[in-house]
Amino acid sequence: MKKGQILIAVLLIFVILSLVMTGVLNIWEGNIRKVGAQIGEKQALYLAEGGAEIAIYSLIWFNPSTGTYTYSGIITQTDFSGRYTTTLLWDNPNFKLLSIGTVDLWTRTLSMEGTRSGTSSPYTITITLWSED
């Protein structure tokens with residue numbers, strides 16, 4: 001083989017390897033984005049569940065009068081920040097609850113319905129409907 005042919009062969013190998021590596025990096029970057037979205041959605045759901053737990057806690061331990069109650073908060077961590085808003089519609093012994101958690105671009109919603117029973121705290125809560133969006 002002549003020197004010019006070896007140079008062309010080496011350059012061709014480098015071009016092929018560059019194209020393969022570009023494809024691999026694109027696939028890798030897409031997977032990283034998908035994992036980031038899953039993490040954000042899961043964190044938003046956890047915030048919605050946390051807001052719902054606060055509302056349920058108030059029904060277990062306190063005896064609020066019939067009405068609509070709103071609980072909200074902002075959570076700030078070193079690796080994420082988010083917020084939740086929970087609305088509790090209380091019509092003794094029935095309740096409806098809507099809790100929304102948001103982290104960055106992701107929002108998750110949790111809906112519950114149920115009843116409370118008992119004559120004093122801690123009351124018993126029975127959840128008859130649980131829906132996540």
# chains A, B, ... in the order shown; residues from 1 in each chain; ligands from 1
>>> select_by_dssp(residues="chain A", states="alpha helix (DSSP H)", output="ChimeraX atom specification")
/A:3-61
>>> closest_residue(among="A:Gly30, A:Gly40, A:Pro93, A:Gly101", to="A:Ile60", atoms="only C-alpha atoms")
A:Pro93
>>> atom_distance(atom1="atom CA of A:Phe95", atom2="atom CA of A:Gly114")
5.5 Å
>>> closest_residue(among="A:Trp90, A:Asn26, A:Thr66, A:Thr102", to="A:Gly50", atoms="only C-alpha atoms")
A:Thr102
>>> closest_residue(among="A:Ile56, A:Leu89, A:Ala44, A:Leu110", to="A:Ser131", atoms="only C-alpha atoms")
A:Leu110
>>> residues_around(residues="stretch 119-128 of chain A", least_positions_apart="3", cutoff="7 Å", atoms="only C-alpha atoms", output="PyMOL selection string")
chain A and resi 60-62+112-116
>>> atom_distance(atom1="atom CA of A:Gly82", atom2="atom CA of A:Pro64")
27.8 Å
>>> closest_residue(among="A:Ala48, A:Ala37, A:Lys2, A:Ser58", to="A:Asp104", atoms="only C-alpha atoms")
A:Ala37
>>> select_by_dssp(residues="stretch 32-114 of chain A", states="strand (DSSP E or B)", output="ChimeraX atom specification")
/A:67-76,81-91,94-103,106-114
>>> write_last_selection(atoms="N, CA and C atoms", output="compact mmCIF listing (two decimals), in the first residue's frame")
# COMPACT_ATOMS: atom_id res chain seq x y z
N GLY A 67 -66.52 23.34 55.35
CA GLY A 67 -66.02 24.43 54.51
C GLY A 67 -64.91 23.96 53.60
N THR A 68 -64.25 24.94 53.00
CA THR A 68 -63.14 24.69 52.09
C THR A 68 -61.86 25.21 52.73
N TYR A 69 -60.83 24.37 52.73
CA TYR A 69 -59.55 24.72 53.33
C TYR A 69 -58.46 24.55 52.29
N THR A 70 -57.51 25.45 52.30
CA THR A 70 -56.39 25.39 51.36
C THR A 70 -55.08 25.34 52.13
N TYR A 71 -54.23 24.40 51.74
CA TYR A 71 -52.89 24.24 52.32
C TYR A 71 -51.91 24.41 51.17
N SER A 72 -50.88 25.20 51.38
CA SER A 72 -49.88 25.36 50.32
C SER A 72 -48.51 25.56 50.93
N GLY A 73 -47.51 25.27 50.14
CA GLY A 73 -46.15 25.43 50.62
C GLY A 73 -45.14 25.37 49.49
N ILE A 74 -43.96 25.87 49.79
CA ILE A 74 -42.84 25.84 48.85
C ILE A 74 -41.72 25.05 49.51
N ILE A 75 -41.18 24.11 48.78
CA ILE A 75 -40.08 23.28 49.27
C ILE A 75 -38.83 23.65 48.47
N THR A 76 -37.77 23.99 49.16
CA THR A 76 -36.52 24.32 48.49
C THR A 76 -35.42 23.42 49.02
N SER A 81 -36.49 22.50 43.65
CA SER A 81 -37.46 23.27 44.43
C SER A 81 -38.83 23.06 43.79
N GLY A 82 -39.85 23.09 44.62
CA GLY A 82 -41.19 22.86 44.11
C GLY A 82 -42.22 23.43 45.07
N ARG A 83 -43.47 23.29 44.68
CA ARG A 83 -44.55 23.80 45.52
C ARG A 83 -45.75 22.87 45.42
N TYR A 84 -46.59 22.97 46.44
CA TYR A 84 -47.82 22.19 46.44
C TYR A 84 -48.97 23.10 46.87
N THR A 85 -50.14 22.79 46.38
CA THR A 85 -51.37 23.45 46.79
C THR A 85 -52.42 22.37 46.94
N THR A 86 -53.04 22.33 48.12
CA THR A 86 -54.03 21.31 48.41
C THR A 86 -55.32 21.99 48.85
N THR A 87 -56.41 21.58 48.25
CA THR A 87 -57.73 22.11 48.60
C THR A 87 -58.56 20.97 49.18
N LEU A 88 -59.10 21.21 50.36
CA LEU A 88 -59.92 20.23 51.06
C LEU A 88 -61.34 20.77 51.17
N LEU A 89 -62.28 20.04 50.59
CA LEU A 89 -63.70 20.38 50.72
C LEU A 89 -64.27 19.45 51.78
N TRP A 90 -64.63 20.01 52.92
CA TRP A 90 -65.06 19.22 54.07
C TRP A 90 -66.53 19.44 54.31
N ASP A 91 -67.31 18.36 54.21
CA ASP A 91 -68.74 18.39 54.50
C ASP A 91 -69.01 17.16 55.38
N ASN A 94 -68.08 13.67 54.95
CA ASN A 94 -67.47 13.43 53.64
C ASN A 94 -66.43 14.50 53.32
N PHE A 95 -65.43 14.12 52.53
CA PHE A 95 -64.45 15.10 52.09
C PHE A 95 -64.02 14.80 50.66
N LYS A 96 -63.61 15.86 49.99
CA LYS A 96 -62.97 15.78 48.68
C LYS A 96 -61.68 16.57 48.79
N LEU A 97 -60.67 16.05 48.15
CA LEU A 97 -59.36 16.65 48.27
C LEU A 97 -58.71 16.71 46.90
N LEU A 98 -58.12 17.85 46.58
CA LEU A 98 -57.38 18.01 45.33
C LEU A 98 -56.02 18.59 45.69
N SER A 99 -54.95 17.87 45.36
CA SER A 99 -53.60 18.31 45.70
C SER A 99 -52.77 18.36 44.43
N ILE A 100 -52.08 19.49 44.23
CA ILE A 100 -51.26 19.69 43.03
C ILE A 100 -49.82 19.94 43.46
N GLY A 101 -48.91 19.16 42.91
CA GLY A 101 -47.48 19.34 43.16
C GLY A 101 -46.80 19.78 41.87
N THR A 102 -45.89 20.75 41.99
CA THR A 102 -45.19 21.28 40.81
C THR A 102 -43.71 21.37 41.11
N VAL A 103 -42.91 20.81 40.20
CA VAL A 103 -41.46 20.93 40.24
C VAL A 103 -41.01 21.32 38.83
N TRP A 106 -42.87 20.25 35.57
CA TRP A 106 -43.73 19.09 35.78
C TRP A 106 -44.76 19.35 36.87
N THR A 107 -45.99 18.94 36.59
CA THR A 107 -47.09 19.09 37.54
C THR A 107 -47.81 17.77 37.63
N ARG A 108 -48.11 17.36 38.86
CA ARG A 108 -48.90 16.16 39.09
C ARG A 108 -50.06 16.51 40.00
N THR A 109 -51.20 15.89 39.75
CA THR A 109 -52.42 16.16 40.50
C THR A 109 -52.91 14.88 41.16
N LEU A 110 -53.33 15.02 42.40
CA LEU A 110 -53.85 13.89 43.18
C LEU A 110 -55.24 14.28 43.66
N SER A 111 -56.22 13.42 43.39
CA SER A 111 -57.60 13.66 43.84
C SER A 111 -58.02 12.52 44.76
N MET A 112 -58.71 12.89 45.84
CA MET A 112 -59.21 11.88 46.78
C MET A 112 -60.62 12.25 47.21
N GLU A 113 -61.36 11.21 47.54
CA GLU A 113 -62.66 11.37 48.18
C GLU A 113 -62.73 10.33 49.29
N GLY A 114 -63.48 10.66 50.33
CA GLY A 114 -63.61 9.70 51.41
C GLY A 114 -64.52 10.18 52.51
